[in-house]
There are 2 protein chains.
Amino acid sequence: MTHAPERMAPLAARRLGIDTHHEPTIYLRKDSPVCRSEGFDSLPRVLVTSSGSQSIVASLNMITSNLLNENEVGFSESAWKHLQIESGGPIWLSHPKPIQSISHVRAKVYGHKLDLQQFESIINDIAEGYYSDVHLAAFITACGDDHLDDDEITYLTQAMVNSGSRLDWQLPIVLDKHCVGGLPGNRTTPIVISILTACGVTIPKTSSRAITSPAGTADTMETLTEVSLSIEEMREVVKRVGGCLAWGGSVKLSPADDVLIQVERALDIDSEGQLIASVLSKKIAAGATHVLIDIPVGPTAKVRSQVAADKLANSFKAVAEKLNLTLKILFTDGSQPVGRGIGPALEAYDILAVLQNQPSAPEDLKQRAADIAGAMLEMIQPLSQGEGKIKALETIETGAAWNKFMAICNAQGGMKIPPVACYRYALIAHETGVVSAIDNRQLSKIAKLAGAPADAAAGVELHAKLGQTVQPNDLLLTLHADSIGELNYAVDYLLNHPDIIQLSPQSDTQKEEIQ
Amino acid sequence: MTHAPERMAPLAARRLGIDTHHEPTIYLRKDSPVCRSEGFDSLPRVLVTSSGSQSIVASLNMITSNLLNENEVGFSESAWKHLQIESGGPIWLSHPKPIQSISHVRAKVYGHKLDLQQFESIINDIAEGYYSDVHLAAFITACGDDHLDDDEITYLTQAMVNSGSRLDWQLPIVLDKHCVGGLPGNRTTPIVISILTACGVTIPKTSSRAITSPAGTADTMETLTEVSLSIEEMREVVKRVGGCLAWGGSVKLSPADDVLIQVERALDIDSEGQLIASVLSKKIAAGATHVLIDIPVGPTAKVRSQVAADKLANSFKAVAEKLNLTLKILFTDGSQPVGRGIGPALEAYDILAVLQNQPSAPEDLKQRAADIAGAMLEMIQPLSQGEGKIKALETIETGAAWNKFMAICNAQGGMKIPPVACYRYALIAHETGVVSAIDNRQLSKIAKLAGAPADAAAGVELHAKLGQTVQPNDLLLTLHADSIGELNYAVDYLLNHPDIIQLSPQSDTQKEEIQ
């Protein structure tokens with residue numbers, strides 16, 4: 001539909017300072033002449049055009065008070081940022097075109113297989129901001145469970161890559177890694193990158209912030225140094241010290257994925273296809289040629305059984321092959337959190353302890369980082385199985401990895417000391433027992449209730465590990481929070497869920513069973 | 001989680017006059033102490049409690065301007081109405097409990113069959129307002145296409161009925177009808193009810209407003225009389241004149257359906273199961289014992305083929321039987337609009353013409369209303385097939401139906417003259433031809449662009465019918481609008497879609513084919 005803006009007098013843009021999360025929203029007086037003459041009052045979404053002919057589709061909220069004047073258009077924060085206008089600037093509103101690609105979403109609901117072109121039209125409309133939250137939720141649900149086959153996952157991945165920027169490091173091999181997640185505290189990446197650069201591998205690493213977890217690698221690294229680098233700054237850092245540990249979000253890699261992820265988070269509906277497309281599209285867009293996928297397997301991890309892990313791994317491999325990506329899968333133990341800290345700063349302290357080779361450093365985090373770095377070295381160097389890990393551990397023990405980590409942080413803008421939270425709560429054991437189960441999901445939930453990742457210092461410090469014997473008054477975990485309200489929420493939840501850390505009474509029989 | 005409001009000082013409620021459609025929304029200063037201390041800034045939804053211990057779950061928007069004071073909570077219109085508080089009244093905010101029934105939605109995405117209890121927990125959470133739009137979209141999509149079997153549709157229907165009020169007319173038989181829709185102008189109900197009351201049948205009819213169409217029966221009846229009746233008023237009207245034609249929305253019948261329908265409308269994803277549950281739950285809640293379902297079948301109607309119509313009819317019958325509802329299906333011609341008018345007032349004028357037995361009355365609307373009324377009479381009276389229709393037509397021709405219609409309108413508050421629009425646009429034929437196809441969907445779309453149903457006088461007046469021969473300068477249709485902007489949108493769309501009314505050149509060969 002062509003409804004030329006010139007038919008209407010422009011309205012004046014006004015930033016209202018309302019954060020509607022990611023969905024751009026526009027506010028308009030219900031009794032304004034434009035609303036009456038254009039029939040906007042029954043419209044859920046509207047096309048918003050600025051004088052520079054930039055346009056977005058936004059949700060429309062009617063104002064029935066004096067919040068706005070009749071000739072004003074109110075903007076939510078995300079609408080304001082998307083359109084990049086000036087206060088009072090001229091704005092035209094019109095009816096948006098119907099979203100053609102919704103018919104492909106409908107076809108997917110009806111169980112049809114979609115082709116590359118159909119995925120591209122969906123993903124481009126998403127990247128352009130044409131989908132409302134309900135459309136996004138429908139697309140995610142329609143692709144849920146295993147409703148996408150390997151061909152479709154490949155098309156979806158390609159469409160996601162094509163919708164955004166793509167980095168080119170001008171290197172023959174670009175190594176990358178991804179952990180499927182679900183394991184709190186599993187912050188191996190900064191250690192792995194330090195090891196690899198110490199081994200002479202050039203590795204430009206971009207990481208994401210937390211989506212549903214209490215911390216992402218970018219959140220943790222941000223407590224240690226600057227992570228918001230432009231692509232030129234990353235290139236400069238990599239040139240100087242051989243690697244970087246930057247946030248990928250400042251570069252527009254797979255932008256449709258960023259939109260989808262926000263709704264997936266609200267929905268909590270797992271989709272194998274979306275997961276694979278999300279991971280591989282980000283890696284390909286970031287310029288990776290060789291990718292290691294770490295899949296932790298455990299009863300409360302994201303992947304709960306080896307059967308599910310094998311199925312996921314096979315899809316990953318099939319899709320990677322179609323996309324000419326060299327991919328290696330590493331199954332790891334997902335039965336309990338890794339290290340001690342859960343939350344950006346607490347995880348940063350674990351990383352420092354491992355890299356500085358402190359005697360108190362969490363051994364499980366060190367071994368896991370060395371396993372991953374070793375497997376990655378074996379992907380690109382003529383090493384036999386196990387030799388990679390030996391090399392990796394050497395770089396930690398000689399201090400080479402720590403030197404590289406400091407060099408990366410300094411090149412990115414200087415090292416910082418991670419913050420420490422002011423409020424604490426200590427959970428102690430009331431009886432003697434052996435730690436028999438630890439719930440990863442509930443621990444993540446508690447760390448988030450305590451304020452992580454928005455409050456970098458917040459989270460959980462875990463003192464107990466599976467198989468450990470505890471005595472009365474031994475510390476099981478410490479909650480860290482930056483506000484008393486958040487500490488209370490986390491404590492409430494903790495006390496209402498006594499099964500998060502399970503103890504078995506250590507009778508003589510059980511002692512034998514454990515041995 | 002039990003986080004007692006008394007821990008916090010209350011905030012002051014402020015109605016902001018922002019219409020966020022149906023989703024309740026709450027606004028809070030990002031820099032307020034409560035936001036900081038309770039960690040609300042990263043929360044998408046919040047539990048809102050008033051001093052009367054009433055509570056709702058609302059979406060939370062952060063305010064980064066001076067729109068609110070630090071101790072205020074802003075309310076959207078729907079949040080304000082849901083909570084029924086006073087300006088400045090004390091309000092407590094807290095973290096909402098996780099929605100347990102989302103796990104059942106997830107199970108449905110994974111292809112599992114749900115039982116009655118699972119549907120009840122989903123539907124009750126929806127009726128309580130715990131589901132955000134993305135959750136609703138996920139549920140609708142998961143039930144999309146034919147993902148529900150007849151048992152599940154039955155459970156969903158029962159859960160929907162149980163979630164709201166249920167009318168009891170204290171009559172042995174309560175007749176009702178429903179049209180599956182997709183046919184613009186198909187406004188038979190007011191005629192059918194007039195016929196049936198004229199035949200001595202007591203028929204308390206509640207109807208809905210338009211969901212995706214340019215008019216619902218309640219919208220059309222509202223141009224002729226008062227339709228917002230309380231249940232006591234309806235009972236009084238029925239007692240006095242034998243029938244009523246009221247809006248069902250003032251009574252809380254199947255409230256979860258009202259919520260779902262708003263999101264279905266935005267999504268435009270058909271679901272046979274949701275359709276059947278929506279229709280039957282409303283009928284059962286309205287107290288019906290005998291229901292006639294009119295399924296128009298045509299290439300641009302909602303049901304496009306006889307195969308699809310049979311499948312839908314079989315599910316309707318199976319579910320009705322499980323619910324002890326007597327149900328009859330009537331397949332009708334869905335190849336073109338019915339009558340001349342499309343839009344509330346324009347359809348009202350068609351109804352008046354039929355009931356007043358005017359020579360210019362649209363014959364198709366009259367015949368269709370008589371078919372339906374006849375079939376309904378045959379459901380409850382000892383008549384053989386066809387006798388019902390003869391009786392029905394008699395009531396129109398003798399003026400008995402018109403008298404009953406006037407009596408109903410007068411009992412409901414008096415008859416009104418439907419409004420007439422000020423702006424018109426006439427589409428004329430440029431060549432001689434025979435009308436070979438009429439697109440129902442596009443005509444509905446144009447009537448909505450012109451302003452229907454919000455503007456009761458707006459819509460489309462159709463002058464051409466299938467098979468009719470037109471000459472150059474003959475009128476094909478007239479657009480009616482109440483504002484120049486809406487007229488322009490509708491005209492733009494009309495001119496960009498020249499296939500809405502298709503003409504075949506009337507060559508000699510085609511003349512024969514047509515005969």
# chains A, B, ... in the order shown; residues from 1 in each chain; ligands from 1
call {"tool": "interface_residues", "arguments": {"of": "chain B", "to": "chain A", "cutoff": "8 Å", "atoms": "only C-alpha atoms", "output": "PyMOL selection string"}}
result
chain B and resi 1-3+16-21+36-39+42+44+60-65+67+106+109-110+133-138+140-142+144-146+263+266-267+269+451+454+483-486+489+492-493+496
call {"tool": "residues_around", "arguments": {"residues": "His178 in chain B", "least_positions_apart": "5", "cutoff": "12 Å", "atoms": "only C-alpha atoms", "output": "compact mmCIF listing (two decimals) with all heavy atoms, in the first residue's frame"}}
result
# COMPACT_ATOMS: atom_id res chain seq x y z
N ASN B 186 -22.75 -11.41 5.86
CA ASN B 186 -23.59 -12.56 6.19
C ASN B 186 -24.27 -12.36 7.55
O ASN B 186 -24.02 -13.09 8.49
CB ASN B 186 -22.71 -13.81 6.18
CG ASN B 186 -23.53 -15.09 6.26
OD1 ASN B 186 -24.75 -15.06 6.08
ND2 ASN B 186 -22.86 -16.20 6.51
N ARG B 187 -25.15 -11.37 7.63
CA ARG B 187 -25.74 -10.98 8.91
C ARG B 187 -27.15 -11.55 9.05
O ARG B 187 -28.15 -10.83 9.07
CB ARG B 187 -25.75 -9.44 9.02
CG ARG B 187 -25.96 -8.90 10.39
CD ARG B 187 -24.88 -9.31 11.37
NE ARG B 187 -23.57 -9.06 10.81
CZ ARG B 187 -22.53 -9.87 10.97
NH1 ARG B 187 -22.64 -10.97 11.68
NH2 ARG B 187 -21.38 -9.60 10.41
N THR B 188 -27.22 -12.89 9.15
CA THR B 188 -28.53 -13.54 9.20
C THR B 188 -29.16 -13.52 10.58
O THR B 188 -30.39 -13.58 10.70
CB THR B 188 -28.41 -15.02 8.77
OG1 THR B 188 -27.44 -15.64 9.59
CG2 THR B 188 -28.03 -15.16 7.30
N THR B 189 -28.33 -13.45 11.64
CA THR B 189 -28.85 -13.68 13.00
C THR B 189 -30.07 -12.84 13.38
O THR B 189 -31.06 -13.39 13.87
CB THR B 189 -27.71 -13.54 14.04
OG1 THR B 189 -26.71 -14.50 13.71
CG2 THR B 189 -28.19 -13.77 15.46
N VAL B 192 -32.99 -14.35 11.65
CA VAL B 192 -33.28 -15.70 12.16
C VAL B 192 -34.01 -15.62 13.51
O VAL B 192 -35.02 -16.32 13.73
CB VAL B 192 -31.97 -16.52 12.29
CG1 VAL B 192 -32.21 -17.81 13.07
CG2 VAL B 192 -31.40 -16.81 10.91
N LYS B 205 -30.75 -14.73 22.68
CA LYS B 205 -29.54 -14.77 21.85
C LYS B 205 -28.51 -13.74 22.30
O LYS B 205 -28.82 -12.55 22.39
CB LYS B 205 -29.94 -14.52 20.39
CG LYS B 205 -28.79 -14.45 19.40
CD LYS B 205 -28.17 -15.82 19.14
CE LYS B 205 -26.95 -15.71 18.23
NZ LYS B 205 -25.93 -16.72 18.55
N THR B 206 -27.30 -14.22 22.59
CA THR B 206 -26.19 -13.29 22.82
C THR B 206 -25.22 -13.42 21.65
O THR B 206 -24.97 -14.53 21.17
CB THR B 206 -25.44 -13.60 24.13
OG1 THR B 206 -25.05 -14.98 24.11
CG2 THR B 206 -26.30 -13.33 25.34
N SER B 207 -24.70 -12.31 21.19
CA SER B 207 -23.78 -12.32 20.04
C SER B 207 -22.51 -11.57 20.40
O SER B 207 -22.46 -10.83 21.37
CB SER B 207 -24.43 -11.67 18.83
OG SER B 207 -25.60 -12.34 18.48
N SER B 208 -21.49 -11.75 19.55
CA SER B 208 -20.20 -11.10 19.81
C SER B 208 -20.00 -9.92 18.87
O SER B 208 -20.72 -9.76 17.90
CB SER B 208 -19.08 -12.11 19.63
OG SER B 208 -19.14 -12.63 18.32
N GLY B 216 -19.61 -7.58 13.58
CA GLY B 216 -20.20 -8.72 14.27
C GLY B 216 -21.67 -8.43 14.45
O GLY B 216 -22.10 -7.28 14.26
N THR B 217 -22.44 -9.45 14.82
CA THR B 217 -23.88 -9.23 14.99
C THR B 217 -24.14 -8.14 16.04
O THR B 217 -25.02 -7.30 15.87
CB THR B 217 -24.57 -10.55 15.37
OG1 THR B 217 -24.47 -11.42 14.24
CG2 THR B 217 -26.04 -10.34 15.69
N LEU B 275 -10.90 -22.96 17.36
CA LEU B 275 -12.15 -22.49 16.79
C LEU B 275 -13.34 -23.22 17.43
O LEU B 275 -14.29 -22.59 17.91
CB LEU B 275 -12.15 -22.71 15.27
CG LEU B 275 -13.49 -22.48 14.57
CD1 LEU B 275 -13.87 -21.02 14.59
CD2 LEU B 275 -13.45 -22.99 13.13
N ILE B 276 -13.26 -24.54 17.46
CA ILE B 276 -14.37 -25.33 18.00
C ILE B 276 -14.54 -25.03 19.49
O ILE B 276 -15.66 -24.81 19.98
CB ILE B 276 -14.12 -26.84 17.76
CG1 ILE B 276 -14.16 -27.12 16.25
CG2 ILE B 276 -15.15 -27.70 18.49
CD1 ILE B 276 -13.72 -28.51 15.86
N SER B 278 -13.66 -22.40 21.14
CA SER B 278 -14.12 -21.02 21.30
C SER B 278 -15.64 -20.95 21.09
O SER B 278 -16.37 -20.43 21.94
CB SER B 278 -13.40 -20.14 20.28
OG SER B 278 -13.97 -18.87 20.23
N VAL B 279 -16.12 -21.53 20.00
CA VAL B 279 -17.54 -21.47 19.67
C VAL B 279 -18.37 -22.23 20.70
O VAL B 279 -19.32 -21.69 21.29
CB VAL B 279 -17.78 -22.07 18.26
CG1 VAL B 279 -19.28 -22.24 17.99
CG2 VAL B 279 -17.14 -21.19 17.20
N LEU B 280 -17.98 -23.48 20.96
CA LEU B 280 -18.81 -24.30 21.84
C LEU B 280 -18.75 -23.84 23.29
O LEU B 280 -19.75 -23.90 24.01
CB LEU B 280 -18.45 -25.78 21.70
CG LEU B 280 -18.73 -26.38 20.31
CD1 LEU B 280 -18.48 -27.88 20.32
CD2 LEU B 280 -20.13 -26.08 19.80
N SER B 281 -17.61 -23.34 23.74
CA SER B 281 -17.54 -22.87 25.13
C SER B 281 -18.47 -21.67 25.33
O SER B 281 -19.15 -21.57 26.34
CB SER B 281 -16.11 -22.52 25.54
OG SER B 281 -15.64 -21.38 24.86
N LYS B 282 -18.50 -20.77 24.34
CA LYS B 282 -19.39 -19.61 24.46
C LYS B 282 -20.86 -20.04 24.46
O LYS B 282 -21.67 -19.50 25.20
CB LYS B 282 -19.18 -18.64 23.28
CG LYS B 282 -17.88 -17.85 23.34
CD LYS B 282 -18.04 -16.55 24.13
CE LYS B 282 -16.90 -15.60 23.87
NZ LYS B 282 -16.20 -15.16 25.07
N LYS B 283 -21.19 -21.01 23.62
CA LYS B 283 -22.58 -21.46 23.53
C LYS B 283 -23.01 -22.17 24.80
O LYS B 283 -24.10 -21.93 25.32
CB LYS B 283 -22.76 -22.42 22.32
CG LYS B 283 -22.47 -21.80 20.97
CD LYS B 283 -23.37 -20.62 20.67
CE LYS B 283 -22.83 -19.79 19.52
NZ LYS B 283 -23.37 -18.42 19.51
N ALA B 288 -26.89 -22.68 26.03
CA ALA B 288 -27.52 -23.36 24.88
C ALA B 288 -27.56 -24.88 25.08
O ALA B 288 -26.66 -25.47 25.68
CB ALA B 288 -26.75 -23.04 23.60
N HIS B 290 -29.18 -26.67 22.18
CA HIS B 290 -29.26 -27.06 20.77
C HIS B 290 -28.58 -25.98 19.93
O HIS B 290 -28.97 -24.81 20.01
CB HIS B 290 -30.71 -27.18 20.31
CG HIS B 290 -31.45 -28.34 20.91
ND1 HIS B 290 -31.68 -28.45 22.27
CD2 HIS B 290 -32.01 -29.45 20.34
CE1 HIS B 290 -32.34 -29.58 22.50
NE2 HIS B 290 -32.56 -30.21 21.35
N VAL B 291 -27.58 -26.37 19.14
CA VAL B 291 -26.82 -25.37 18.38
C VAL B 291 -26.75 -25.74 16.91
O VAL B 291 -26.45 -26.89 16.56
CB VAL B 291 -25.39 -25.23 18.95
CG1 VAL B 291 -24.56 -24.25 18.12
CG2 VAL B 291 -25.43 -24.75 20.41
N LEU B 292 -27.02 -24.77 16.06
CA LEU B 292 -26.82 -24.96 14.62
C LEU B 292 -25.54 -24.23 14.21
O LEU B 292 -25.36 -23.06 14.54
CB LEU B 292 -27.99 -24.39 13.82
CG LEU B 292 -27.80 -24.58 12.31
CD1 LEU B 292 -28.89 -25.46 11.72
CD2 LEU B 292 -27.73 -23.25 11.59
N ILE B 293 -24.66 -24.96 13.51
CA ILE B 293 -23.40 -24.36 13.05
C ILE B 293 -23.49 -24.19 11.54
O ILE B 293 -23.65 -25.16 10.79
CB ILE B 293 -22.19 -25.26 13.40
CG1 ILE B 293 -22.10 -25.54 14.91
CG2 ILE B 293 -20.90 -24.65 12.87
CD1 ILE B 293 -21.68 -24.38 15.77
N ASP B 294 -23.38 -22.96 11.09
CA ASP B 294 -23.43 -22.62 9.66
C ASP B 294 -21.98 -22.55 9.16
O ASP B 294 -21.19 -21.75 9.66
CB ASP B 294 -24.14 -21.26 9.55
CG ASP B 294 -24.07 -20.66 8.15
OD1 ASP B 294 -23.70 -21.38 7.19
OD2 ASP B 294 -24.40 -19.46 8.01
N ILE B 295 -21.64 -23.42 8.22
CA ILE B 295 -20.28 -23.41 7.67
C ILE B 295 -20.34 -23.00 6.20
O ILE B 295 -20.63 -23.83 5.33
CB ILE B 295 -19.59 -24.80 7.80
CG1 ILE B 295 -19.61 -25.29 9.27
CG2 ILE B 295 -18.17 -24.74 7.26
CD1 ILE B 295 -18.89 -26.62 9.51
N PRO B 296 -20.07 -21.74 5.88
CA PRO B 296 -20.01 -21.33 4.48
C PRO B 296 -18.74 -21.91 3.84
O PRO B 296 -17.67 -21.84 4.44
CB PRO B 296 -19.94 -19.80 4.53
CG PRO B 296 -20.31 -19.42 5.94
CD PRO B 296 -19.89 -20.58 6.78
N PHE B 316 -16.60 -30.93 15.12
CA PHE B 316 -17.67 -30.23 15.85
C PHE B 316 -18.66 -31.23 16.44
O PHE B 316 -19.01 -31.17 17.62
CB PHE B 316 -18.42 -29.29 14.90
CG PHE B 316 -18.09 -27.82 15.06
CD1 PHE B 316 -17.53 -27.10 14.01
CD2 PHE B 316 -18.34 -27.16 16.26
CE1 PHE B 316 -17.23 -25.75 14.15
CE2 PHE B 316 -18.05 -25.81 16.41
CZ PHE B 316 -17.49 -25.10 15.35
N LEU B 327 -26.27 -30.84 18.22
CA LEU B 327 -25.63 -29.96 17.24
C LEU B 327 -26.01 -30.36 15.82
O LEU B 327 -26.08 -31.55 15.50
CB LEU B 327 -24.12 -30.02 17.44
CG LEU B 327 -23.27 -29.11 16.56
CD1 LEU B 327 -22.29 -28.32 17.42
CD2 LEU B 327 -22.51 -29.93 15.53
N LYS B 328 -26.27 -29.39 15.00
CA LYS B 328 -26.60 -29.65 13.60
C LYS B 328 -25.70 -28.77 12.74
O LYS B 328 -25.45 -27.61 13.08
CB LYS B 328 -28.06 -29.28 13.36
CG LYS B 328 -28.59 -29.63 11.98
CD LYS B 328 -30.09 -29.39 11.95
CE LYS B 328 -30.72 -29.74 10.63
NZ LYS B 328 -32.20 -29.70 10.74
N ILE B 329 -25.20 -29.33 11.64
CA ILE B 329 -24.32 -28.58 10.75
C ILE B 329 -25.08 -28.22 9.49
O ILE B 329 -25.80 -29.05 8.92
CB ILE B 329 -23.09 -29.43 10.35
CG1 ILE B 329 -22.29 -29.87 11.58
CG2 ILE B 329 -22.23 -28.67 9.33
CD1 ILE B 329 -21.32 -28.89 12.14
N LEU B 330 -24.93 -26.98 9.03
CA LEU B 330 -25.50 -26.56 7.76
C LEU B 330 -24.37 -26.01 6.90
O LEU B 330 -23.73 -25.03 7.27
CB LEU B 330 -26.55 -25.47 8.02
CG LEU B 330 -27.51 -25.14 6.89
CD1 LEU B 330 -28.48 -26.29 6.63
CD2 LEU B 330 -28.31 -23.88 7.22
N ILE B 372 -31.55 -21.13 7.52
CA ILE B 372 -31.01 -21.36 8.86
C ILE B 372 -32.14 -21.48 9.89
O ILE B 372 -32.18 -22.42 10.68
CB ILE B 372 -30.03 -20.23 9.24
CG1 ILE B 372 -28.80 -20.31 8.33
CG2 ILE B 372 -29.63 -20.30 10.71
CD1 ILE B 372 -27.89 -19.11 8.39
N ALA B 373 -33.08 -20.52 9.84
CA ALA B 373 -34.20 -20.56 10.79
C ALA B 373 -34.99 -21.86 10.60
O ALA B 373 -35.39 -22.51 11.58
CB ALA B 373 -35.09 -19.34 10.59
N MET B 376 -33.22 -24.75 12.11
CA MET B 376 -33.29 -24.68 13.58
C MET B 376 -34.67 -25.12 14.07
O MET B 376 -34.79 -25.85 15.06
CB MET B 376 -32.94 -23.27 14.06
CG MET B 376 -31.46 -22.94 13.89
SD MET B 376 -31.05 -21.20 14.23
CE MET B 376 -30.95 -21.20 16.02
call {"tool": "residues_around", "arguments": {"residues": "Glu397 in chain A", "least_positions_apart": "2", "cutoff": "12 Å", "atoms": "only C-alpha atoms", "output": "MDAnalysis selection string"}}
result
chainID A and resid 195 198 353:359 366 370 390:395 399:403
call {"tool": "write_last_selection", "arguments": {"atoms": "N, CA, C and O atoms", "output": "CSV table (one decimal), in the first residue's frame"}}
result
chain,number,residue,atom,x,y,z
A,195,ILE,N,45.2,-19.6,26.9
A,195,ILE,CA,46.0,-20.8,26.5
A,195,ILE,C,46.4,-20.8,25.1
A,195,ILE,O,47.6,-21.0,24.7
A,198,ALA,N,48.7,-18.2,24.0
A,198,ALA,CA,50.1,-18.5,24.6
A,198,ALA,C,50.7,-19.6,23.7
A,198,ALA,O,51.9,-19.7,23.7
A,353,ALA,N,42.2,-16.9,39.6
A,353,ALA,CA,42.8,-17.9,40.4
A,353,ALA,C,43.5,-19.0,39.6
A,353,ALA,O,44.6,-19.4,39.8
A,354,VAL,N,42.7,-19.5,38.5
A,354,VAL,CA,43.3,-20.5,37.7
A,354,VAL,C,44.5,-20.0,36.9
A,354,VAL,O,45.5,-20.6,36.8
A,355,LEU,N,44.3,-18.8,36.3
A,355,LEU,CA,45.4,-18.3,35.4
A,355,LEU,C,46.6,-17.9,36.2
A,355,LEU,O,47.8,-18.1,35.8
A,356,GLN,N,46.4,-17.5,37.5
A,356,GLN,CA,47.5,-17.1,38.3
A,356,GLN,C,48.1,-18.4,39.1
A,356,GLN,O,49.0,-18.2,39.9
A,357,ASN,N,47.5,-19.5,38.7
A,357,ASN,CA,48.0,-20.8,39.3
A,357,ASN,C,48.0,-20.8,40.8
A,357,ASN,O,48.9,-21.3,41.5
A,358,GLN,N,47.0,-20.2,41.4
A,358,GLN,CA,46.9,-20.1,42.9
A,358,GLN,C,46.6,-21.5,43.4
A,358,GLN,O,45.8,-22.3,42.8
A,359,PRO,N,47.1,-21.9,44.6
A,359,PRO,CA,46.8,-23.2,45.1
A,359,PRO,C,45.3,-23.5,45.4
A,359,PRO,O,44.8,-24.6,45.3
A,366,LYS,N,40.0,-25.5,35.9
A,366,LYS,CA,41.3,-25.6,35.2
A,366,LYS,C,41.4,-26.8,34.2
A,366,LYS,O,41.7,-26.6,33.1
A,370,ALA,N,41.5,-26.8,30.1
A,370,ALA,CA,42.6,-27.4,29.4
A,370,ALA,C,42.1,-28.5,28.5
A,370,ALA,O,42.6,-28.7,27.4
A,390,ILE,N,48.0,-31.6,27.4
A,390,ILE,CA,49.3,-31.5,28.1
A,390,ILE,C,50.0,-30.1,27.8
A,390,ILE,O,50.4,-29.4,28.7
A,391,LYS,N,49.9,-29.7,26.5
A,391,LYS,CA,50.4,-28.4,26.1
A,391,LYS,C,49.7,-27.3,26.8
A,391,LYS,O,50.2,-26.3,27.2
A,392,ALA,N,48.3,-27.5,26.8
A,392,ALA,CA,47.5,-26.4,27.4
A,392,ALA,C,47.8,-26.2,28.9
A,392,ALA,O,48.0,-25.1,29.4
A,393,LEU,N,47.9,-27.3,29.7
A,393,LEU,CA,48.3,-27.2,31.1
A,393,LEU,C,49.6,-26.6,31.3
A,393,LEU,O,49.8,-25.8,32.3
A,394,GLU,N,50.5,-26.9,30.4
A,394,GLU,CA,51.9,-26.2,30.5
A,394,GLU,C,51.8,-24.7,30.5
A,394,GLU,O,52.5,-24.0,31.3
A,395,THR,N,50.9,-24.2,29.6
A,395,THR,CA,50.9,-22.7,29.5
A,395,THR,C,50.3,-22.1,30.8
A,395,THR,O,50.6,-21.0,31.1
A,399,GLY,N,52.8,-19.9,33.6
A,399,GLY,CA,52.4,-18.5,33.6
A,399,GLY,C,52.2,-17.9,32.3
A,399,GLY,O,51.9,-16.7,32.2
A,400,ALA,N,52.5,-18.6,31.2
A,400,ALA,CA,52.4,-18.1,29.9
A,400,ALA,C,51.0,-17.6,29.6
A,400,ALA,O,50.7,-16.6,29.0
A,401,ALA,N,50.0,-18.4,30.0
A,401,ALA,CA,48.6,-18.1,29.8
A,401,ALA,C,48.2,-16.8,30.5
A,401,ALA,O,47.5,-15.9,30.0
A,402,TRP,N,48.6,-16.7,31.8
A,402,TRP,CA,48.4,-15.5,32.6
A,402,TRP,C,49.0,-14.3,31.9
A,402,TRP,O,48.3,-13.2,31.8
A,403,ASN,N,50.2,-14.4,31.4
A,403,ASN,CA,50.8,-13.3,30.7
A,403,ASN,C,50.0,-12.8,29.5
A,403,ASN,O,49.8,-11.6,29.3
call {"tool": "closest_residue", "arguments": {"among": "B:Asn473, B:Asn410, B:Asn71, B:Thr398", "to": "Val227 in chain B", "atoms": "only C-alpha atoms"}}
result
B:Asn410
call {"tool": "atom_distance", "arguments": {"atom1": "CA of Glu236 in chain B", "atom2": "CA of Ala375 in chain B"}}
result
27.2 Å
call {"tool": "select_by_dssp", "arguments": {"residues": "range 56-222 of chain B", "states": "strand (DSSP E or B)", "output": "list of chain:residue names"}}
result
B:Ile56, B:Val57, B:Ala58, B:Ser59, B:Leu60, B:Asn61, B:Met62, B:Ile63, B:Glu72, B:Val73, B:Gly74, B:Phe75, B:Pro90, B:Ile91, B:Trp92, B:Leu93, B:Ser94, B:Asp145, B:Ser165, B:Leu175, B:Asp176, B:Lys177, B:His178, B:Cys179, B:Ile203, B:Pro204, B:Lys205, B:Thr206, B:Ser207
call {"tool": "closest_residue", "arguments": {"among": "B:Asp257, B:Asp310, B:Glu128, B:Glu70", "to": "Thr157 in chain B", "atoms": "only C-alpha atoms"}}
result
B:Asp257
call {"tool": "residues_around", "arguments": {"residues": "Ile231 in chain B", "least_positions_apart": "2", "cutoff": "10 Å", "atoms": "only C-alpha atoms", "output": "number ranges by chain"}}
result
B: 167-169, 228-229, 233-237, 246, 248, 250-251
call {"tool": "atom_distance", "arguments": {"atom1": "CA of Ile428 in chain A", "atom2": "CA of Asp364 in chain A"}}
result
22.6 Å
call {"tool": "residues_around", "arguments": {"residues": "range 218-221 of chain B", "least_positions_apart": "2", "cutoff": "8 Å", "atoms": "only C-alpha atoms", "output": "ChimeraX atom specification"}}
result
/B:190,207-210,215-216,223-227,245-247,343-345,347-348,453,456
call {"tool": "residues_around", "arguments": {"residues": "Gly182 in chain B", "least_positions_apart": "3", "cutoff": "12 Å", "atoms": "only C-alpha atoms", "output": "number ranges by chain"}}
result
B: 179, 185-187, 210-216, 294-304, 332-338, 342, 439-445
